[in-house]
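Dumped protein_7.txt below, it's compact mmCIF, C-alpha atoms and all ligand atoms:
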```txt
# COMPACT_ATOMS: atom_id res chain seq x y z
CA MET C 1021 -37.05 -28.35 23.09
CA LEU C 1022 -34.97 -25.93 21.06
CA GLN C 1023 -32.57 -27.77 18.76
CA PRO C 1024 -28.93 -26.63 18.73
CA PHE C 1025 -28.20 -24.09 16.03
CA SER C 1026 -25.55 -25.72 13.92
CA GLN C 1027 -23.50 -23.88 11.35
CA SER C 1028 -24.00 -24.12 7.62
CA GLU C 1029 -21.97 -26.89 5.99
CA ARG C 1030 -20.61 -24.15 3.75
CA ILE C 1031 -18.59 -22.89 6.73
CA ASP C 1032 -17.03 -26.27 7.54
CA GLN C 1033 -13.87 -25.64 5.55
CA VAL C 1034 -13.64 -21.92 6.18
CA ARG C 1035 -10.85 -20.62 8.41
CA TYR C 1036 -9.32 -17.24 9.00
CA ASP C 1037 -6.58 -17.85 11.53
CA ILE C 1038 -5.25 -14.30 11.29
CA ARG C 1039 -8.16 -13.52 13.62
CA GLY C 1040 -8.59 -17.08 14.89
CA PRO C 1041 -8.10 -18.85 18.22
CA LEU C 1042 -4.61 -17.43 18.80
CA ASN C 1043 -5.96 -13.94 18.41
CA ALA C 1044 -8.80 -14.75 20.81
CA ARG C 1045 -6.23 -15.93 23.34
CA ALA C 1046 -4.23 -12.72 22.82
CA LEU C 1047 -7.34 -10.68 23.62
CA GLU C 1048 -7.84 -12.76 26.77
CA LEU C 1049 -4.25 -12.09 27.86
CA GLU C 1050 -4.77 -8.40 27.18
CA ALA C 1051 -7.89 -8.41 29.28
CA HIS C 1052 -5.71 -9.76 32.10
CA GLY C 1053 -3.41 -6.76 31.75
CA HIS C 1054 -0.65 -8.21 29.55
CA LYS C 1055 0.76 -6.12 26.73
CA ILE C 1056 0.76 -8.14 23.50
CA ILE C 1057 2.90 -7.31 20.47
CA LYS C 1058 0.41 -8.10 17.71
CA LEU C 1059 2.15 -9.06 14.52
CA ASN C 1060 -0.78 -11.03 13.19
CA ILE C 1061 -2.47 -8.48 11.01
CA GLY C 1062 -1.44 -5.85 8.46
CA ASN C 1063 -3.30 -3.01 10.12
CA PRO C 1064 -1.05 0.08 9.75
CA ALA C 1065 -3.03 2.40 12.03
CA LEU C 1066 -2.40 0.08 14.99
CA PHE C 1067 1.30 0.90 14.67
CA GLY C 1068 1.03 4.67 14.42
CA PHE C 1069 0.72 4.98 10.64
CA THR C 1070 -1.91 7.50 9.64
CA THR C 1071 -4.02 8.02 6.55
CA PRO C 1072 -2.58 10.99 4.60
CA ALA C 1073 -4.24 14.23 5.70
CA HIS C 1074 -5.39 15.12 2.16
CA MET C 1075 -7.47 11.93 2.08
CA ARG C 1076 -8.97 12.49 5.50
CA GLU C 1077 -9.83 16.07 4.55
CA ALA C 1078 -11.53 14.91 1.34
CA ILE C 1079 -13.76 12.60 3.36
CA ALA C 1080 -14.56 15.32 5.91
CA ALA C 1081 -15.37 17.84 3.16
CA ASN C 1082 -17.80 15.40 1.56
CA LEU C 1083 -19.64 14.00 4.55
CA SER C 1084 -22.81 15.81 3.55
CA ASN C 1085 -22.49 14.24 0.07
CA SER C 1086 -22.31 10.78 1.60
CA GLU C 1087 -25.76 10.29 3.00
CA ALA C 1088 -27.54 8.65 0.08
CA TYR C 1089 -27.03 5.28 -1.55
CA VAL C 1090 -24.96 5.80 -4.65
CA HIS C 1091 -24.44 3.80 -7.87
CA GLN C 1092 -23.70 0.17 -7.04
CA GLN C 1093 -20.27 0.47 -8.66
CA GLY C 1094 -19.37 3.50 -6.58
CA ILE C 1095 -19.29 7.29 -6.97
CA LEU C 1096 -18.18 8.50 -10.37
CA PRO C 1097 -15.27 10.73 -9.20
CA ALA C 1098 -13.71 7.72 -7.46
CA ARG C 1099 -14.15 5.42 -10.46
CA GLU C 1100 -12.83 8.13 -12.77
CA ALA C 1101 -9.77 8.52 -10.55
CA VAL C 1102 -9.07 4.77 -10.67
CA ALA C 1103 -9.53 4.75 -14.46
CA ARG C 1104 -7.22 7.78 -14.85
CA SER C 1105 -4.55 6.12 -12.73
CA LEU C 1106 -4.41 3.24 -15.19
CA GLU C 1107 -3.42 5.54 -18.06
CA ALA C 1108 0.10 5.46 -16.64
CA ARG C 1109 0.10 1.73 -17.43
CA GLY C 1110 -0.97 2.40 -21.00
CA MET C 1111 -4.51 1.25 -20.28
CA ARG C 1112 -7.68 2.99 -21.39
CA VAL C 1113 -10.39 1.92 -19.00
CA SER C 1114 -13.86 3.40 -18.68
CA PRO C 1115 -15.17 4.20 -15.18
CA ASN C 1116 -17.87 1.63 -16.05
CA GLN C 1117 -15.19 -1.04 -15.77
CA VAL C 1118 -14.41 -0.05 -12.16
CA TYR C 1119 -16.34 -1.43 -9.17
CA ILE C 1120 -15.81 -0.03 -5.69
CA GLY C 1121 -16.47 -2.13 -2.62
CA ASN C 1122 -16.08 -2.26 1.15
CA GLY C 1123 -12.45 -3.22 0.80
CA VAL C 1124 -11.02 -5.78 -1.57
CA SER C 1125 -12.33 -8.38 0.90
CA GLU C 1126 -15.93 -7.88 -0.18
CA LEU C 1127 -14.96 -7.90 -3.85
CA ILE C 1128 -13.03 -11.16 -3.70
CA ASP C 1129 -16.19 -12.86 -2.52
CA LEU C 1130 -18.38 -11.00 -5.02
CA THR C 1131 -16.27 -11.84 -8.07
CA LEU C 1132 -16.04 -15.53 -7.13
CA ARG C 1133 -19.73 -15.73 -6.23
CA ALA C 1134 -20.64 -14.47 -9.68
CA LEU C 1135 -18.39 -17.07 -11.31
CA LEU C 1136 -18.37 -20.41 -9.57
CA ASN C 1137 -20.58 -23.46 -9.82
CA THR C 1138 -20.20 -26.37 -7.43
CA GLY C 1139 -16.83 -28.05 -7.94
CA ASP C 1140 -15.36 -25.35 -10.18
CA GLU C 1141 -11.65 -25.01 -9.55
CA VAL C 1142 -9.67 -21.87 -8.79
CA LEU C 1143 -5.89 -21.84 -8.92
CA LEU C 1144 -4.51 -20.16 -5.79
CA PRO C 1145 -0.97 -19.52 -4.60
CA ALA C 1146 0.33 -21.46 -1.60
CA PRO C 1147 0.91 -19.58 0.62
CA ASP C 1148 -2.19 -17.51 -0.10
CA TYR C 1149 -3.98 -14.69 1.63
CA PRO C 1150 -6.49 -17.05 3.26
CA LEU C 1151 -9.56 -15.03 2.38
CA TRP C 1152 -9.07 -16.30 -1.18
CA THR C 1153 -9.32 -19.92 -0.03
CA ALA C 1154 -12.26 -19.12 2.23
CA ALA C 1155 -14.15 -17.32 -0.53
CA VAL C 1156 -13.64 -20.21 -2.96
CA HIS C 1157 -15.07 -22.64 -0.38
CA LEU C 1158 -17.95 -20.31 0.50
CA ASN C 1159 -18.92 -20.21 -3.14
CA SER C 1160 -18.84 -24.01 -3.57
CA GLY C 1161 -15.59 -23.99 -5.50
CA LYS C 1162 -12.45 -26.03 -5.04
CA PRO C 1163 -9.12 -24.36 -4.30
CA VAL C 1164 -6.21 -25.89 -6.22
CA TYR C 1165 -2.86 -24.67 -4.98
CA TYR C 1166 0.28 -23.88 -6.91
CA ASP C 1167 3.48 -23.61 -4.89
CA CYS C 1168 5.39 -20.42 -4.24
CA MET C 1169 8.26 -22.07 -2.44
CA PRO C 1170 10.69 -20.18 -0.19
CA GLU C 1171 13.62 -21.75 -2.08
CA ASN C 1172 12.28 -20.09 -5.23
CA ASN C 1173 12.07 -16.73 -3.43
CA GLY C 1174 8.34 -17.23 -3.07
CA LEU C 1175 7.72 -17.15 -6.84
CA PRO C 1176 5.43 -19.59 -8.65
CA ASP C 1177 6.47 -21.99 -11.41
CA PRO C 1178 4.31 -21.45 -14.54
CA ALA C 1179 4.88 -25.07 -15.65
CA GLN C 1180 3.36 -26.34 -12.41
CA ILE C 1181 0.41 -23.98 -12.78
CA GLU C 1182 -0.22 -25.20 -16.30
CA ALA C 1183 -0.06 -28.83 -15.17
CA LEU C 1184 -2.77 -28.18 -12.55
CA ILE C 1185 -5.34 -26.90 -15.04
CA THR C 1186 -8.35 -29.14 -15.63
CA LYS C 1187 -11.68 -28.81 -17.43
CA ARG C 1188 -13.09 -27.39 -14.19
CA THR C 1189 -10.54 -24.60 -13.77
CA ARG C 1190 -12.20 -21.19 -14.06
CA ALA C 1191 -9.71 -18.69 -12.73
CA LEU C 1192 -6.05 -18.14 -11.97
CA VAL C 1193 -5.46 -15.97 -8.90
CA ILE C 1194 -2.18 -14.20 -8.37
CA ILE C 1195 -1.20 -11.99 -5.43
CA ASN C 1196 1.53 -9.56 -6.44
CA PRO C 1197 3.23 -8.12 -4.42
CA ASN C 1198 2.53 -11.13 -2.30
CA ASN C 1199 1.03 -11.48 1.11
CA PRO C 1200 2.41 -13.36 3.04
CA ASN C 1201 5.84 -13.92 1.46
CA GLY C 1202 6.65 -10.45 0.08
CA ALA C 1203 7.53 -11.73 -3.41
CA VAL C 1204 7.25 -9.24 -6.29
CA TYR C 1205 6.78 -10.94 -9.64
CA PRO C 1206 9.21 -10.11 -12.48
CA LYS C 1207 7.66 -8.94 -15.74
CA GLU C 1208 8.49 -12.17 -17.63
CA LEU C 1209 6.70 -14.19 -14.96
CA VAL C 1210 3.59 -12.00 -15.06
CA GLU C 1211 3.65 -12.32 -18.86
CA GLN C 1212 3.83 -16.11 -18.62
CA LEU C 1213 0.93 -16.20 -16.16
CA ALA C 1214 -1.14 -13.92 -18.40
CA GLN C 1215 -0.42 -16.19 -21.37
CA ILE C 1216 -1.49 -19.28 -19.44
CA ALA C 1217 -4.77 -17.59 -18.50
CA GLU C 1218 -5.32 -16.62 -22.15
CA ARG C 1219 -4.38 -20.05 -23.52
CA TYR C 1220 -6.82 -21.91 -21.26
CA GLY C 1221 -9.58 -19.29 -21.15
CA LEU C 1222 -9.24 -18.62 -17.44
CA ILE C 1223 -10.12 -15.34 -15.76
CA LEU C 1224 -6.92 -13.82 -14.45
CA MET C 1225 -7.66 -12.39 -11.00
CA SER C 1226 -4.74 -10.28 -9.86
CA ASP C 1227 -4.74 -9.05 -6.26
CA GLU C 1228 -2.50 -5.99 -6.37
CA ILE C 1229 -3.46 -4.36 -3.08
CA TYR C 1230 0.24 -3.92 -2.15
CA GLU C 1231 1.19 -2.44 -5.53
CA GLY C 1232 3.09 0.62 -4.20
CA LEU C 1233 4.92 -1.07 -1.32
CA LEU C 1234 8.23 -2.03 -2.90
CA PHE C 1235 11.76 -2.37 -1.51
CA ASP C 1236 15.24 -2.00 -3.01
CA ASP C 1237 15.13 -2.35 -6.78
CA ALA C 1238 11.82 -4.23 -6.96
CA LYS C 1239 9.58 -3.17 -9.83
CA PHE C 1240 5.89 -3.85 -9.87
CA HIS C 1241 4.27 -5.16 -13.06
CA SER C 1242 0.50 -5.19 -13.14
CA ALA C 1243 -1.04 -8.14 -14.96
CA ALA C 1244 -3.88 -6.28 -16.65
CA PRO C 1245 -1.92 -4.51 -19.42
CA LEU C 1246 -0.57 -7.91 -20.50
CA VAL C 1247 -3.98 -9.57 -20.84
CA ARG C 1248 -5.93 -9.18 -24.08
CA ASP C 1249 -7.53 -12.50 -24.97
CA THR C 1250 -9.24 -13.25 -21.70
CA LEU C 1251 -10.83 -11.30 -18.86
CA ALA C 1252 -8.52 -9.71 -16.28
CA ILE C 1253 -9.82 -8.56 -12.91
CA THR C 1254 -7.42 -6.36 -11.00
CA PHE C 1255 -7.99 -5.73 -7.30
CA SER C 1256 -6.57 -2.81 -5.35
CA GLY C 1257 -7.60 -0.35 -2.67
CA LEU C 1258 -6.80 2.23 -0.03
CA SER C 1259 -6.11 -0.10 2.89
CA LYS C 1260 -2.38 -0.69 2.59
CA VAL C 1261 -0.63 1.72 0.24
CA HIS C 1262 -2.65 4.60 1.71
CA ARG C 1263 -2.85 3.18 5.24
CA ALA C 1264 -6.64 3.54 5.33
CA CYS C 1265 -7.90 0.06 6.27
CA GLY C 1266 -10.72 1.34 8.45
CA TYR C 1267 -12.38 3.38 5.70
CA ARG C 1268 -13.06 0.09 3.89
CA VAL C 1269 -12.44 1.12 0.30
CA GLY C 1270 -11.23 -1.24 -2.39
CA TRP C 1271 -11.98 -1.72 -6.06
CA PHE C 1272 -11.60 -4.05 -8.97
CA THR C 1273 -11.16 -3.16 -12.61
CA LEU C 1274 -12.30 -5.27 -15.53
CA SER C 1275 -10.10 -5.31 -18.62
CA GLY C 1276 -9.01 -7.51 -21.51
CA ALA C 1277 -11.69 -9.51 -23.34
CA LEU C 1278 -14.92 -7.96 -22.06
CA LYS C 1279 -17.30 -9.21 -24.77
CA PRO C 1280 -17.11 -12.93 -23.98
CA ALA C 1281 -17.56 -11.98 -20.32
CA ARG C 1282 -20.89 -10.18 -20.85
CA ASP C 1283 -22.91 -12.76 -18.93
CA TYR C 1284 -20.45 -12.78 -16.05
CA ILE C 1285 -20.38 -8.97 -15.92
CA LYS C 1286 -24.17 -8.97 -15.68
CA ALA C 1287 -23.84 -11.20 -12.63
CA LEU C 1288 -21.29 -8.80 -11.11
CA ASP C 1289 -23.76 -5.96 -11.59
CA VAL C 1290 -26.58 -7.89 -9.93
CA LEU C 1291 -24.42 -8.79 -6.93
CA ALA C 1292 -23.10 -5.23 -6.62
CA ALA C 1293 -26.68 -3.90 -6.78
CA LEU C 1294 -27.92 -6.41 -4.20
CA ARG C 1295 -25.72 -4.79 -1.59
CA LEU C 1296 -26.86 -1.36 -2.87
CA CYS C 1297 -23.42 0.28 -2.68
CA SER C 1298 -20.34 0.36 -0.50
CA ASN C 1299 -19.60 2.86 2.26
CA VAL C 1300 -19.83 6.25 0.51
CA ALA C 1301 -17.81 8.54 2.78
CA GLY C 1302 -14.59 6.58 2.28
CA GLN C 1303 -14.96 6.69 -1.50
CA TRP C 1304 -14.30 10.44 -1.48
CA ALA C 1305 -10.74 9.68 -0.43
CA VAL C 1306 -10.04 7.87 -3.71
CA PRO C 1307 -9.56 10.93 -5.99
CA ALA C 1308 -7.51 12.56 -3.22
CA ALA C 1309 -5.35 9.45 -2.93
CA PHE C 1310 -4.49 9.48 -6.63
CA ASP C 1311 -4.14 13.26 -6.99
CA GLY C 1312 -2.17 13.80 -3.77
CA ILE C 1313 1.54 13.32 -3.12
CA ASP C 1314 3.09 9.87 -2.88
CA THR C 1315 3.32 9.17 0.85
CA CYS C 1316 4.08 5.48 0.44
CA THR C 1317 7.44 5.30 -1.35
CA PRO C 1318 9.35 7.15 1.40
CA LEU C 1319 8.26 4.51 3.91
CA CYS C 1320 10.00 1.84 1.83
CA GLN C 1321 13.28 3.67 1.33
CA PRO C 1322 16.33 3.82 3.65
CA GLY C 1323 15.29 5.74 6.76
CA GLY C 1324 11.62 4.96 6.14
CA ARG C 1325 9.60 3.09 8.77
CA LEU C 1326 8.95 -0.05 6.71
CA TYR C 1327 12.42 -0.16 5.23
CA GLU C 1328 14.10 0.00 8.64
CA SER C 1329 11.77 -2.61 10.14
CA ARG C 1330 12.48 -4.91 7.22
CA ARG C 1331 16.21 -4.29 7.68
CA ALA C 1332 15.88 -5.22 11.39
CA LEU C 1333 14.08 -8.41 10.38
CA LEU C 1334 16.70 -9.37 7.79
CA GLU C 1335 19.58 -8.66 10.20
CA GLY C 1336 17.87 -10.69 12.93
CA VAL C 1337 17.35 -13.63 10.59
CA ALA C 1338 20.95 -13.41 9.35
CA ARG C 1339 22.16 -13.62 12.98
CA SER C 1340 19.78 -16.44 13.87
CA ASN C 1341 20.88 -20.04 14.28
CA TYR C 1342 17.46 -21.31 13.29
CA LEU C 1343 15.61 -18.86 11.03
CA THR C 1344 15.76 -18.32 7.29
CA THR C 1345 13.69 -16.09 5.08
CA ALA C 1346 13.21 -15.11 1.47
CA THR C 1347 13.88 -11.37 1.38
CA PRO C 1348 10.53 -9.60 1.22
CA MET C 1349 10.65 -7.33 -1.83
CA GLY C 1350 7.21 -5.81 -1.32
CA ALA C 1351 4.12 -5.62 0.92
CA MET C 1352 4.40 -5.44 4.72
CA TYR C 1353 5.15 -8.95 5.95
CA ALA C 1354 7.88 -11.52 6.33
CA PHE C 1355 7.33 -15.26 6.07
CA PRO C 1356 10.37 -16.76 7.84
CA GLY C 1357 11.04 -20.47 8.10
CA VAL C 1358 12.66 -22.52 10.84
CA ASP C 1359 15.50 -24.92 10.05
CA THR C 1360 14.05 -28.35 10.79
CA THR C 1361 17.47 -30.01 10.66
CA ARG C 1362 18.12 -28.11 13.93
CA LEU C 1363 14.59 -28.49 15.30
CA HIS C 1364 13.26 -31.85 14.17
CA ASN C 1365 9.87 -31.66 15.86
CA PHE C 1366 9.15 -28.06 15.04
CA ASP C 1367 5.49 -27.29 14.59
CA ASP C 1368 4.40 -23.81 13.48
CA GLN C 1369 1.18 -23.78 15.51
CA VAL C 1370 2.85 -24.88 18.71
CA PHE C 1371 5.59 -22.30 18.15
CA ALA C 1372 3.05 -19.52 17.63
CA MET C 1373 1.27 -20.60 20.80
CA THR C 1374 4.51 -20.58 22.77
CA MET C 1375 5.46 -17.14 21.48
CA LEU C 1376 2.10 -15.87 22.64
CA GLU C 1377 1.96 -17.51 26.05
CA ARG C 1378 5.59 -16.97 27.02
CA GLU C 1379 6.66 -13.89 25.14
CA HIS C 1380 3.32 -12.17 24.53
CA ILE C 1381 4.06 -11.92 20.84
CA LEU C 1382 1.30 -12.81 18.39
CA ILE C 1383 2.35 -14.29 15.03
CA VAL C 1384 0.45 -16.44 12.54
CA PRO C 1385 1.53 -20.04 11.80
CA GLY C 1386 2.48 -20.60 8.16
CA SER C 1387 -0.01 -23.42 7.77
CA SER C 1388 -2.78 -20.83 8.20
CA PHE C 1389 -1.82 -19.67 4.71
CA ASN C 1390 -2.57 -23.05 3.17
CA VAL C 1391 0.92 -24.42 2.73
CA ARG C 1392 1.69 -28.09 3.22
CA TYR C 1393 4.83 -27.49 5.28
CA ARG C 1394 4.67 -26.53 8.95
CA ASN C 1395 7.90 -24.68 9.63
CA HIS C 1396 7.00 -21.12 8.67
CA PHE C 1397 5.19 -18.20 10.22
CA ARG C 1398 4.06 -14.77 9.14
CA MET C 1399 4.68 -11.53 10.96
CA THR C 1400 3.99 -7.97 9.88
CA LEU C 1401 6.81 -5.48 9.42
CA LEU C 1402 4.66 -2.65 10.75
CA PRO C 1403 6.22 -2.15 14.22
CA GLU C 1404 9.28 0.07 14.51
CA ALA C 1405 12.70 -1.55 14.09
CA PRO C 1406 13.49 -1.81 17.86
CA VAL C 1407 10.31 -3.84 18.37
CA ILE C 1408 11.23 -6.15 15.49
CA ARG C 1409 14.68 -6.63 17.09
CA LYS C 1410 13.07 -7.49 20.42
CA VAL C 1411 10.74 -9.97 18.71
CA LEU C 1412 13.62 -11.69 16.88
CA ALA C 1413 15.62 -11.94 20.11
CA ALA C 1414 12.66 -13.51 21.90
CA MET C 1415 12.19 -16.00 19.07
CA GLU C 1416 15.84 -16.92 19.14
CA SER C 1417 15.73 -17.72 22.83
CA VAL C 1418 12.57 -19.82 22.48
CA LEU C 1419 14.08 -21.72 19.55
CA ALA C 1420 17.41 -22.20 21.33
CA GLU C 1421 15.61 -23.66 24.33
CA GLN C 1422 13.58 -25.93 22.12
CA ALA C 1423 16.73 -27.14 20.41
CA GLY C 1424 18.40 -27.68 23.80
CA ASP C 1425 21.17 -25.32 22.71
CA LEU C 1426 21.33 -23.35 25.94
CA LEU C 1427 24.14 -24.42 28.21
CA GLY C 1428 22.81 -27.12 30.51
CA ALA C 1429 19.26 -26.65 29.31
CA ARG C 1430 16.89 -29.46 28.56
CA PRO C 1431 14.86 -29.06 25.37
CA LEU C 1432 11.87 -26.86 26.04
CA ALA C 1433 8.44 -28.42 25.90
CA LEU C 1434 6.56 -25.93 23.79
CA THR C 1435 3.23 -24.69 25.02
CA ASN C 1436 0.08 -26.17 23.65
CA ALA C 1437 -2.24 -24.97 26.35
CA VAL C 1438 -5.00 -23.35 24.36
CA PRO C 1439 -7.47 -25.49 22.46
CA PHE C 1440 -7.14 -24.90 18.75
CA SER C 1441 -7.14 -27.07 15.71
CA ALA C 1442 -3.72 -28.62 15.16
CA GLU C 1443 -5.04 -30.66 12.27
CA PRO C 1444 -3.61 -30.14 8.81
CA CYS C 1445 -5.29 -27.37 6.83
CA ALA C 1446 -8.86 -28.29 6.03
CA SER C 1447 -8.20 -27.46 2.42
CA PHE C 1448 -5.69 -30.31 2.15
CA ALA C 1449 -7.85 -32.82 3.98
N1 LIG X 1501 -5.84 -9.01 -0.47
C1 LIG X 1501 -4.74 -9.16 0.24
C2 LIG X 1501 -3.57 -9.87 -0.38
C3 LIG X 1501 -4.66 -8.70 1.56
O1 LIG X 1501 -3.54 -8.88 2.26
C4 LIG X 1501 -5.78 -8.07 2.12
C5 LIG X 1501 -5.77 -7.61 3.52
O2 LIG X 1501 -4.86 -7.82 4.28
C6 LIG X 1501 -6.93 -7.91 1.34
C7 LIG X 1501 -6.92 -8.40 0.04
C8 LIG X 1501 -8.16 -7.24 1.86
O3 LIG X 1501 -7.99 -5.86 2.04
P1 LIG X 1501 -9.16 -4.84 2.24
O4 LIG X 1501 -10.42 -5.60 2.42
O5 LIG X 1501 -8.80 -4.05 3.44
O6 LIG X 1501 -9.19 -3.99 1.00
```

This structure in C-alpha cells:
Amino acid sequence: MLQPFSQSERIDQVRYDIRGPLNARALELEAHGHKIIKLNIGNPALFGFTTPAHMREAIAANLSNSEAYVHQQGILPAREAVARSLEARGMRVSPNQVYIGNGVSELIDLTLRALLNTGDEVLLPAPDYPLWTAAVHLNSGKPVYYDCMPENNGLPDPAQIEALITKRTRALVIINPNNPNGAVYPKELVEQLAQIAERYGLILMSDEIYEGLLFDDAKFHSAAPLVRDTLAITFSGLSKVHRACGYRVGWFTLSGALKPARDYIKALDVLAALRLCSNVAGQWAVPAAFDGIDTCTPLCQPGGRLYESRRALLEGVARSNYLTTATPMGAMYAFPGVDTTRLHNFDDQVFAMTMLEREHILIVPGSSFNVRYRNHFRMTLLPEAPVIRKVLAAMESVLAEQAGDLLGARPLALTNAVPFSAEPCASFA
C-alpha cells in the first residue's frame, strides 16, 4: 500500500501566515460571494497602484531580448543601473557586485543557503518579515531575535543585539524601513549596527526594499556605505517603491570587505548559476526605474495615496479606546497594538479571525511576525483613506463588544471557528 507522503522535517518550523490559514478562509468566503477587504499583503497593484508607464514600456520594448537565459547575476544594463544608483550614496560598486533575482524573496534564501551550517545563528528583528525566519530554518540555521519594541518606536537596542551574539552567530539582519512596524532607523543607529557587525565579523544583511517609502521628515540611511571591515549585503527591488511586485525583480549588492568573503561569494555564484538566471523580461524595467522620474515620493506626501491612508490610520487610532500604534515613518504597513488593560484576554489570532468572519476584513496577527507578545496585528496602508476609516470603525466596534463597553452588551465571544494553529510561534517553542 502507498505510504502517506509526509513533509520534510525542514518544513516543520516554517510558517508564512501572511498567506496562511486566515488567507485560505478569506478565499473561501470570497468563493461564497463575500467581498473581503484584504489588508494582509503589501501588494500595491491589488489596490489600484500601477507600475510606472516608463517601466512597463521598457519591458514591452525588450520582450524580444528576453528569450534566452542570461548571466546568472542578471542582464548587464540592469546591474549597471543598480551600481550607478549607489554613486549617490558615495559608493563605487562594480556591476559584478550586483545579483538580480526573482524578487528579494529568492535572494534572501540564496544568501542564507550559501552561508549557513546546521545550528548557525542569524540575528533577526522581532517583529520580522517572516520570510527571514523561514529562510533561516530552511537552511538549518537558528533565528535569534532582537526586540524592536513598540514603546521604542519599533527601533532595536544595539546593546541587546550585542548581548545576543555567540560563537555561532554569522549574520545580523536589519530591515529598514521596517516591515511590519514602519520604523526608519536614524543614522546613528545604523552606524552602531554596522560597527557591531564589523566588531564581531558578522555579515550585515540589510533589507532595504522599502527605501524610498518615507513619511514626514524621515530620512533613510543605507547601511552599506557605513560598512568597511566586514561584508555588507544590501537587498532592494522593484516590488514596493516601483509598485511592480508581479514582475518579480529584486537584487542584492555586495560591498565592504569582499576579499575575506571570496569563498562565500563563490557559493553565491554557484547558487545563482544553479537556477540559471531570474526572469529576464522584468529586468529591463530596472534601468528605466532608475532613469525615470520619481513616482514614489508624491505618494508619501500630503495629498498622496499612502500619506492620506496613513493619516486615516493615525486619526482612527488616536480616536480609539483600545488601539495604540507607533507612527509608521516608512514602508506601507501599520503594526497597531491593543491595550490589554482594557481587554485582558485579547488574543491576536482570535481577533484576526473575528475580523475576518464578522467584518470580512483580513489582517495578520502580530505573532505571525515572530514577536512574543500577542496583542498586535499588521495591516497594509494600501487601500484608500475611506476604506482605512471603515476598517478602524469596524475594529472599534468589535473591540468595544469584546470589552463589554457597549451599553447593555455582554462581552463578545470572539470567533475561533476556523482550524488554525493557536500555538505560540514555532520559532519560540
Ligand atoms: N523583504 C521585505 C521586508 C518584504 O516586505 C518583502 C515583501 O513583502 C520582501 C523582502 C520580498 O519582496 P520581493 O520578493 O517582492 O522582492

key: Contacts with ligand LIG 1501 (chain X) at most 10 Å, only C-alpha atoms and all ligand atoms counted, listed as a VMD selection string   = chain C and resid 1038 1061 to 1063 1121 to 1128 1148 to 1152 1194 to 1200 1226 to 1230 1255 to 1260 1263 to 1271 1351 to 1353

inquiry  = Which residues are close to Leu1042 in chain C, i.e. within 8 Å by all atoms listed in the file, leaving aside same-chain residues fewer than 4 positions away? Reply as a PyMOL selection string.
reply    = chain C and resi 1037+1046+1373+1376+1382+1440

Surrounding residues of Ala1309 in chain C excluding itself and chain neighbours under 5 positions, 9 Å, all atoms listed in the file, as a ChimeraX atom specification = /C:1072,1074-1075,1101,1258,1262,1314

query = Which neighbours of Glu1100 in chain C fall inside 10 Å, counting only C-alpha atoms, when residues of the same chain fewer than 5 positions from it are skipped, and could you give them as a ChimeraX atom specification?
reply = /C:1095,1105,1113-1118,1306-1307

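The interatomic distance for the pair CA of Leu1209 in chain C and CA of Asp1129 in chain C works out to 26.1 Å.
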
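The closest residue to Gly1221 in chain C, picked from C:Ala1277, C:Val1358, C:Ala1203, C:Ala1179 and counting all atoms listed in the file, is C:Ala1277.
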
ask   = Hey, what's within 10 Å of range 1155-1164 of chain C if we count all atoms listed in the file and toss same-chain stuff fewer than 4 positions away? As an NGL selection string, please?
value = :C and (1029-1035 or 1125-1126 or 1128-1146 or 1150-1151 or 1181 or 1184-1185 or 1188-1190 or 1192 or 1447-1448)

inquiry  = Counting only C-alpha atoms, which residues have an atom no more than 10 Å from (16.0, -1.7, 7.7) in the file's coordinates? Please list them as a count of residues only.
reply    = 18

request  = Measure the distance from CA of Asn1060 in chain C to CA of Ile1383 in chain C in Å and round it to one decimal.
outcome  = 4.9 Å

query = With only C-alpha atoms as the basis for distance, which of C:Leu1412, C:Arg1295, C:Met1375, C:Ala1305 is at the shortest distance from Arg1076 in chain C?
reply =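 Once distances to Arg1076 in chain C are computed over only C-alpha atoms, the minimum belongs to C:Ala1305.
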
ask   = Quick one: distance from CA of Leu1251 in chain C to CA of Gly1350 in chain C in Å, one decimal?
value = 25.8 Å

message = I'd like to know which of C:Arg1109, C:Leu1083, C:His1091, C:Leu1278 is closest to Pro1245 in chain C, using all atoms listed in the file.
response =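 Once distances to Pro1245 in chain C are computed over all atoms listed in the file, the minimum belongs to C:Arg1109.
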
request  = Kindly extract all protein, DNA and RNA residues lying within 8 Å of the coordinates (9.1, -16.7, 24.9) given in the file, considering only C-alpha atoms, and supply them as number ranges by chain.
outcome  = C: 1374-1380, 1414-1415, 1417-1418

Requested write-out: C-alpha atoms of the selected residues, as a compact mmCIF listing (two decimals), in the frame of the given file:
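Final output, saved to selection.txt:
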```
# COMPACT_ATOMS: atom_id res chain seq x y z
CA THR C 1374 4.51 -20.58 22.77
CA MET C 1375 5.46 -17.14 21.48
CA LEU C 1376 2.10 -15.87 22.64
CA GLU C 1377 1.96 -17.51 26.05
CA ARG C 1378 5.59 -16.97 27.02
CA GLU C 1379 6.66 -13.89 25.14
CA HIS C 1380 3.32 -12.17 24.53
CA ALA C 1414 12.66 -13.51 21.90
CA MET C 1415 12.19 -16.00 19.07
CA SER C 1417 15.73 -17.72 22.83
CA VAL C 1418 12.57 -19.82 22.48
```

Selection: 12 Å around Leu1047 in chain C, all atoms listed in the file, excl. self and same-chain fewer than 3 positions, as a list in words =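 Once the adjacent positions are removed, what remains is Arg1039, Gly1040, Pro1041, Leu1042, Asn1043, Ala1044, Glu1050, Ala1051, His1052, Gly1053, His1054, Lys1055, Ile1056, Ile1057, Lys1058, Leu1376, Glu1377, His1380, Ile1381 and Leu1382 of chain C.
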
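Of the listed residues C:Gln1092, C:Thr1317, C:Ser1084, C:Gln1027, the one whose atoms come nearest to Ala1301 in chain C is C:Ser1084, with distances taken using all atoms listed in the file.
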
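Remark: for Asn1173 in chain C, the closest of the candidate residues C:Ala1354, C:Met1225, C:Leu1233, C:Ala1372 is C:Ala1354 (distances computed over all atoms listed in the file).
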
query = Looking at C:Ile1223, C:Ala1183, C:Leu1175, C:Ala1420, which one is nearest to Phe1366 in chain C, with distances taken over all atoms listed in the file?
reply = C:Ala1420
